[in-house]
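Asker: One file is attached below, protein-v7.pdb, containing PDB, C-alpha atoms, pLDDT in the B column.
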```pdb
MODEL        1
ATOM      1  CA  MET E 372      -3.280 -46.053  -8.688  1.00 49.00           C
ATOM      2  CA  GLY E 373      -2.362 -46.077  -5.002  1.00 48.00           C
ATOM      3  CA  ALA E 374      -3.617 -43.601  -2.443  1.00 47.00           C
ATOM      4  CA  GLY E 375      -0.403 -41.594  -2.665  1.00 47.00           C
ATOM      5  CA  GLY E 376      -0.827 -41.079  -6.410  1.00 47.00           C
ATOM      6  CA  ARG E 377      -4.428 -39.997  -6.032  1.00 45.00           C
ATOM      7  CA  GLU E 378      -3.563 -37.536  -3.280  1.00 43.00           C
ATOM      8  CA  ALA E 379      -0.790 -35.980  -5.354  1.00 43.00           C
ATOM      9  CA  ALA E 380      -3.121 -35.586  -8.312  1.00 45.00           C
ATOM     10  CA  GLU E 381      -5.735 -33.798  -6.197  1.00 47.00           C
ATOM     11  CA  THR E 382      -3.267 -31.605  -4.296  1.00 43.00           C
ATOM     12  CA  PRO E 383      -2.374 -28.349  -6.064  1.00 46.00           C
ATOM     13  CA  ALA E 384       1.171 -28.281  -7.431  1.00 43.00           C
ATOM     14  CA  ALA E 385       2.067 -25.379  -5.126  1.00 42.00           C
ATOM     15  CA  ALA E 386       1.212 -27.460  -2.053  1.00 45.00           C
ATOM     16  CA  ARG E 387       3.350 -30.391  -3.264  1.00 44.00           C
ATOM     17  CA  ASP E 388       6.392 -28.259  -4.175  1.00 42.00           C
ATOM     18  CA  PRO E 389       8.273 -27.021  -1.086  1.00 40.00           C
ATOM     19  CA  HIS E 390      10.189 -24.541  -3.273  1.00 38.00           C
ATOM     20  CA  HIS E 391       7.063 -22.910  -4.705  1.00 37.00           C
ATOM     21  CA  ILE E 392       6.882 -19.208  -3.913  1.00 37.00           C
ATOM     22  CA  ARG E 393       3.419 -17.935  -3.154  1.00 39.00           C
ATOM     23  CA  GLY E 394       2.300 -14.595  -4.448  1.00 39.00           C
ATOM     24  CA  PRO E 395       1.042 -11.856  -2.143  1.00 43.00           C
ATOM     25  CA  ASP E 396      -2.209 -12.399  -0.316  1.00 42.00           C
ATOM     26  CA  PRO E 397      -4.740 -10.146  -2.086  1.00 40.00           C
ATOM     27  CA  ALA E 398      -6.619  -9.683   1.187  1.00 42.00           C
ATOM     28  CA  ALA E 399      -3.506  -8.180   2.796  1.00 42.00           C
ATOM     29  CA  HIS E 400      -3.434  -5.088   0.558  1.00 39.00           C
ATOM     30  CA  THR E 401      -4.701  -1.879   2.070  1.00 42.00           C
ATOM     31  CA  LEU E 402      -5.094   0.108  -1.137  1.00 41.00           C
ATOM     32  CA  PRO E 403      -7.966  -0.533  -3.526  1.00 40.00           C
ATOM     33  CA  ALA E 404      -7.140  -2.608  -6.592  1.00 41.00           C
ATOM     34  CA  MET E 405      -5.358  -0.536  -9.228  1.00 43.00           C
ATOM     35  CA  ASP E 406      -5.186  -1.049 -12.949  1.00 44.00           C
ATOM     36  CA  LEU E 407      -1.574   0.089 -13.005  1.00 51.00           C
ATOM     37  CA  LEU E 408       0.939  -2.740 -12.902  1.00 66.00           C
ATOM     38  CA  ASP E 409       3.808  -1.844 -10.615  1.00 80.00           C
ATOM     39  CA  THR E 410       6.266  -2.558 -13.423  1.00 81.00           C
ATOM     40  CA  ARG E 411       4.649   0.266 -15.428  1.00 90.00           C
ATOM     41  CA  VAL E 412       5.623   2.845 -12.811  1.00 95.00           C
ATOM     42  CA  TYR E 413       8.928   3.376 -14.611  1.00 96.00           C
ATOM     43  CA  GLU E 414       7.045   4.375 -17.784  1.00 94.00           C
ATOM     44  CA  LEU E 415       5.295   7.113 -15.813  1.00 95.00           C
ATOM     45  CA  VAL E 416       8.205   8.257 -13.659  1.00 96.00           C
ATOM     46  CA  GLY E 417      11.300   7.619 -15.781  1.00 97.00           C
ATOM     47  CA  GLU E 418      14.913   8.033 -14.734  1.00 97.00           C
ATOM     48  CA  GLU E 419      14.418  11.697 -13.915  1.00 98.00           C
ATOM     49  CA  GLY E 420      11.480  11.060 -11.582  1.00 98.00           C
ATOM     50  CA  PHE E 421      13.361   8.384  -9.661  1.00 98.00           C
ATOM     51  CA  ARG E 422      16.409  10.654  -9.524  1.00 98.00           C
ATOM     52  CA  ARG E 423      14.310  13.465  -8.001  1.00 98.00           C
ATOM     53  CA  LEU E 424      12.642  11.123  -5.519  1.00 98.00           C
ATOM     54  CA  VAL E 425      15.848   9.551  -4.251  1.00 97.00           C
ATOM     55  CA  ALA E 426      17.702  12.887  -4.103  1.00 97.00           C
ATOM     56  CA  ALA E 427      14.857  14.435  -2.077  1.00 98.00           C
ATOM     57  CA  PHE E 428      14.876  11.444   0.280  1.00 96.00           C
ATOM     58  CA  TYR E 429      18.639  11.468   0.908  1.00 95.00           C
ATOM     59  CA  ALA E 430      18.656  15.241   1.440  1.00 96.00           C
ATOM     60  CA  ARG E 431      16.346  14.569   4.377  1.00 97.00           C
ATOM     61  CA  VAL E 432      18.272  11.522   5.618  1.00 94.00           C
ATOM     62  CA  ARG E 433      21.492  13.546   5.934  1.00 93.00           C
ATOM     63  CA  GLN E 434      19.731  15.873   8.398  1.00 94.00           C
ATOM     64  CA  ASP E 435      17.931  13.164  10.385  1.00 95.00           C
ATOM     65  CA  ASP E 436      18.986  12.151  13.902  1.00 94.00           C
ATOM     66  CA  ILE E 437      17.677   8.569  13.632  1.00 93.00           C
ATOM     67  CA  LEU E 438      18.574   7.626  10.066  1.00 90.00           C
ATOM     68  CA  SER E 439      21.758   9.567   9.294  1.00 91.00           C
ATOM     69  CA  PRO E 440      23.939   7.314  11.496  1.00 90.00           C
ATOM     70  CA  MET E 441      22.902   4.359   9.303  1.00 86.00           C
ATOM     71  CA  TYR E 442      24.228   6.071   6.174  1.00 81.00           C
ATOM     72  CA  PRO E 443      27.983   6.737   6.276  1.00 77.00           C
ATOM     73  CA  GLU E 444      28.700  10.193   4.859  1.00 79.00           C
ATOM     74  CA  GLN E 445      31.539   8.864   2.673  1.00 75.00           C
ATOM     75  CA  ASP E 446      29.062   6.460   0.977  1.00 76.00           C
ATOM     76  CA  SER E 447      26.204   8.902   0.517  1.00 81.00           C
ATOM     77  CA  ALA E 448      26.502   8.997  -3.275  1.00 87.00           C
ATOM     78  CA  GLY E 449      26.790   5.201  -3.402  1.00 84.00           C
ATOM     79  CA  ALA E 450      23.730   4.695  -1.207  1.00 88.00           C
ATOM     80  CA  GLU E 451      21.764   7.104  -3.368  1.00 93.00           C
ATOM     81  CA  GLU E 452      22.784   5.293  -6.549  1.00 95.00           C
ATOM     82  CA  ARG E 453      21.936   1.869  -5.097  1.00 90.00           C
ATOM     83  CA  LEU E 454      18.453   2.930  -3.992  1.00 92.00           C
ATOM     84  CA  ARG E 455      17.776   4.646  -7.311  1.00 96.00           C
ATOM     85  CA  ASP E 456      18.951   1.629  -9.314  1.00 94.00           C
ATOM     86  CA  PHE E 457      16.955  -0.735  -7.108  1.00 92.00           C
ATOM     87  CA  LEU E 458      13.746   1.285  -7.509  1.00 94.00           C
ATOM     88  CA  VAL E 459      14.213   1.738 -11.253  1.00 96.00           C
ATOM     89  CA  GLY E 460      14.613  -2.005 -11.760  1.00 93.00           C
ATOM     90  CA  ARG E 461      11.873  -2.971  -9.314  1.00 92.00           C
ATOM     91  CA  PHE E 462       9.356  -0.767 -11.080  1.00 94.00           C
ATOM     92  CA  GLY E 463      10.036  -1.739 -14.687  1.00 93.00           C
ATOM     93  CA  GLY E 464      13.223   0.034 -15.771  1.00 95.00           C
ATOM     94  CA  PRO E 465      16.715  -1.246 -16.497  1.00 94.00           C
ATOM     95  CA  MET E 466      17.882  -3.877 -13.998  1.00 90.00           C
ATOM     96  CA  ARG E 467      21.161  -2.145 -13.086  1.00 89.00           C
ATOM     97  CA  TYR E 468      20.920  -3.019  -9.400  1.00 75.00           C
ATOM     98  CA  VAL E 469      20.542  -6.747 -10.036  1.00 74.00           C
ATOM     99  CA  GLN E 470      23.249  -6.673 -12.701  1.00 78.00           C
ATOM    100  CA  SER E 471      25.768  -5.048 -10.376  1.00 80.00           C
ATOM    101  CA  ARG E 472      24.773  -6.449  -6.953  1.00 69.00           C
ATOM    102  CA  GLY E 473      22.641  -9.531  -7.585  1.00 70.00           C
ATOM    103  CA  HIS E 474      19.349 -10.305  -5.876  1.00 69.00           C
ATOM    104  CA  PRO E 475      18.296  -7.452  -3.568  1.00 64.00           C
ATOM    105  CA  ARG E 476      18.039  -9.651  -0.423  1.00 67.00           C
ATOM    106  CA  LEU E 477      16.711  -6.651   1.457  1.00 64.00           C
ATOM    107  CA  ARG E 478      16.522  -8.244   4.912  1.00 55.00           C
ATOM    108  CA  MET E 479      20.061  -9.601   4.656  1.00 56.00           C
ATOM    109  CA  ARG E 480      21.512  -6.320   3.392  1.00 59.00           C
ATOM    110  CA  HIS E 481      19.774  -4.342   6.143  1.00 56.00           C
ATOM    111  CA  GLY E 482      20.424  -6.882   8.919  1.00 58.00           C
ATOM    112  CA  ARG E 483      23.414  -4.989  10.314  1.00 62.00           C
ATOM    113  CA  PHE E 484      21.223  -1.979  11.098  1.00 68.00           C
ATOM    114  CA  LYS E 485      18.946  -1.719  14.134  1.00 81.00           C
ATOM    115  CA  ILE E 486      15.602  -1.137  12.460  1.00 77.00           C
ATOM    116  CA  ASN E 487      12.840  -0.740  15.014  1.00 85.00           C
ATOM    117  CA  GLN E 488       9.379   0.791  14.684  1.00 92.00           C
ATOM    118  CA  ALA E 489      10.738   4.301  15.246  1.00 93.00           C
ATOM    119  CA  ALA E 490      13.354   3.911  12.484  1.00 88.00           C
ATOM    120  CA  ARG E 491      10.752   2.393  10.152  1.00 90.00           C
ATOM    121  CA  ASP E 492       8.321   5.239  10.826  1.00 94.00           C
ATOM    122  CA  ARG E 493      10.999   7.890  10.312  1.00 95.00           C
ATOM    123  CA  TRP E 494      12.142   6.259   7.033  1.00 88.00           C
ATOM    124  CA  VAL E 495       8.546   6.223   5.800  1.00 95.00           C
ATOM    125  CA  SER E 496       7.999   9.816   6.919  1.00 97.00           C
ATOM    126  CA  LEU E 497      11.067  11.050   5.021  1.00 97.00           C
ATOM    127  CA  MET E 498      10.114   9.037   1.941  1.00 96.00           C
ATOM    128  CA  GLU E 499       6.552  10.406   2.098  1.00 97.00           C
ATOM    129  CA  ALA E 500       7.954  13.947   2.134  1.00 98.00           C
ATOM    130  CA  ALA E 501      10.253  13.070  -0.781  1.00 98.00           C
ATOM    131  CA  LEU E 502       7.273  11.675  -2.719  1.00 98.00           C
ATOM    132  CA  ASP E 503       5.364  14.898  -2.115  1.00 97.00           C
ATOM    133  CA  GLU E 504       8.319  17.030  -3.200  1.00 98.00           C
ATOM    134  CA  SER E 505       8.999  14.936  -6.314  1.00 97.00           C
ATOM    135  CA  ASN E 506       5.596  15.672  -7.822  1.00 96.00           C
ATOM    136  CA  LEU E 507       5.269  12.279  -9.535  1.00 97.00           C
ATOM    137  CA  PRO E 508       2.084  11.129 -11.299  1.00 96.00           C
ATOM    138  CA  PRO E 509      -0.629  10.171  -8.768  1.00 95.00           C
ATOM    139  CA  ASP E 510      -0.956   6.546  -9.950  1.00 92.00           C
ATOM    140  CA  ALA E 511       2.788   6.037  -9.601  1.00 95.00           C
ATOM    141  CA  THR E 512       2.855   7.789  -6.225  1.00 96.00           C
ATOM    142  CA  ALA E 513       0.118   5.519  -4.855  1.00 93.00           C
ATOM    143  CA  MET E 514       1.985   2.400  -5.966  1.00 93.00           C
ATOM    144  CA  LEU E 515       5.317   3.647  -4.607  1.00 96.00           C
ATOM    145  CA  ARG E 516       3.751   4.715  -1.307  1.00 95.00           C
ATOM    146  CA  GLN E 517       2.287   1.244  -0.744  1.00 93.00           C
ATOM    147  CA  PHE E 518       5.603  -0.389  -1.637  1.00 91.00           C
ATOM    148  CA  PHE E 519       7.557   1.868   0.744  1.00 94.00           C
ATOM    149  CA  HIS E 520       5.183   1.245   3.649  1.00 94.00           C
ATOM    150  CA  ASP E 521       5.197  -2.527   3.123  1.00 91.00           C
ATOM    151  CA  SER E 522       8.956  -2.778   2.581  1.00 87.00           C
ATOM    152  CA  ALA E 523       9.818  -0.631   5.592  1.00 87.00           C
ATOM    153  CA  THR E 524       7.614  -2.789   7.806  1.00 86.00           C
ATOM    154  CA  PHE E 525       9.209  -5.943   6.375  1.00 85.00           C
ATOM    155  CA  LEU E 526      12.679  -4.661   7.319  1.00 79.00           C
ATOM    156  CA  ILE E 527      11.944  -4.185  11.040  1.00 80.00           C
ATOM    157  CA  ASN E 528      14.456  -6.428  12.777  1.00 81.00           C
ATOM    158  CA  HIS E 529      14.553  -5.109  16.325  1.00 75.00           C
ATOM    159  CA  GLY E 530      11.976  -4.528  19.063  1.00 80.00           C
ATOM    160  CA  GLU E 531      11.774  -1.227  20.875  1.00 69.00           C
TER     161      GLU E 531
ENDMDL
END
```
Just give me the structure as structure tokens.
Answerer:
Amino acid sequence: MGAGGREAAETPAAARDPHHIRGPDPAAHTLPAMDLLDTRVYELVGEEGFRRLVAAFYARVRQDDILSPMYPEQDSAGAEERLRDFLVGRFGGPMRYVQSRGHPRLRMRHGRFKINQAARDRWVSLMEAALDESNLPPDATAMLRQFFHDSATFLINHGE
């Protein structure tokens, strides 16, 4: 066997495959390890819990000076439905969002909006208040909170 064959055999498959998608870095998580799989959140929260959460969030968005301009009033119900369907599917429920809109492609779909640190922080603040109001089970709330913080940071696309 030539040197190239030996190298390929000793190199992990993920390193040889340029299309391999790496999982999250466990060291990057800020919350302690949890026994709850994120796809089990739907079992704890259900449709009604996600409905309450998203409704509480959008009630705040409509009154917000930073975020409300990003959400056209005529599409408020549509935006609410899309977020609810996305969260339901992401956390273990029916995959309505993917069935109707395809892959979430969050950065692409949010690219037309100026999302800076202030917008990210406001979005997180309103979602935190909605989580508190929704009175969801603590394990589910912890998982959702981490997801919202990480996702909002990921969507920043503009400097101050």
Asker: Using the chain letters and numbers from the file, give me the residues hit by the PyMOL selection byres ((chain E and resi 425-427) around 9), as a CSV table (one decimal) with C-alpha atoms, in the frame of the given file.
Answerer:
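See expr15.csv below for the written result:
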```csv
chain,number,residue,atom,x,y,z
E,420,GLY,CA,11.5,11.1,-11.6
E,421,PHE,CA,13.4,8.4,-9.7
E,422,ARG,CA,16.4,10.7,-9.5
E,423,ARG,CA,14.3,13.5,-8.0
E,424,LEU,CA,12.6,11.1,-5.5
E,428,PHE,CA,14.9,11.4,0.3
E,429,TYR,CA,18.6,11.5,0.9
E,430,ALA,CA,18.7,15.2,1.4
E,431,ARG,CA,16.3,14.6,4.4
E,432,VAL,CA,18.3,11.5,5.6
E,451,GLU,CA,21.8,7.1,-3.4
E,452,GLU,CA,22.8,5.3,-6.5
E,454,LEU,CA,18.5,2.9,-4.0
E,455,ARG,CA,17.8,4.6,-7.3
E,497,LEU,CA,11.1,11.0,5.0
E,498,MET,CA,10.1,9.0,1.9
E,500,ALA,CA,8.0,13.9,2.1
E,501,ALA,CA,10.3,13.1,-0.8
E,502,LEU,CA,7.3,11.7,-2.7
E,504,GLU,CA,8.3,17.0,-3.2
E,505,SER,CA,9.0,14.9,-6.3
```
Asker: Interatomic distance between atom CA of E:Glu418 and atom CA of E:Trp494?
Answerer: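 Result for atom CA of E:Glu418 versus atom CA of E:Trp494: 22.0 Å, one decimal.
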Asker: Check the smallest atom-to-atom distance from each of E:Asp456, E:Asn506, E:Ala490, E:Pro440 to E:Ser471 using all atoms listed in the file, then report the winner.
Answerer: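 Between E:Asp456, E:Asn506, E:Ala490, E:Pro440, the residue approaching E:Ser471 most closely is E:Asp456.
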Asker: Could you tell me how far atom CA of E:Asp510 lies from atom CA of E:Gln470, in Å and to one decimal?
Answerer: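 Atom-to-atom, atom CA of E:Asp510 to atom CA of E:Gln470, that is 27.7 Å.
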Asker: What is the atom CA of E:Phe462 to atom CA of E:Gln445 distance in Å?
Answerer: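 Atom CA of E:Gln445 lies at a distance of 27.8 Å from atom CA of E:Phe462.
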Asker: List the spatial neighbours of E:His520 as a PyMOL selection string - criterion: any atom at most 12 Å away, all atoms listed in the file, same-chain residues fewer than 6 positions off excluded.
Answerer: chain E and resi 400-402+488+491-499+513-514+526-527
Asker: Residues near E:Glu414, anyone? I mean within 9 Å using only C-alpha atoms, not counting same-chain ones fewer than 2 positions away, as a ChimeraX atom specification.
Answerer: /E:410-412,416-417,462-464
Asker: Nearest to E:Met466: which of E:Asp521, E:Ala489, E:Asn528, E:Tyr413 is it, counting all atoms listed in the file?
Answerer: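 When distances to E:Met466 are compared using all atoms listed in the file, the smallest one comes from E:Tyr413.
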Asker: Have a look at E:Ile486, E:Arg433, E:Arg516, E:Gly460 and name the one nearest to E:Ser447; count all atoms listed in the file.
Answerer: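 Using all atoms listed in the file, E:Ser447 sits closest to E:Arg433.
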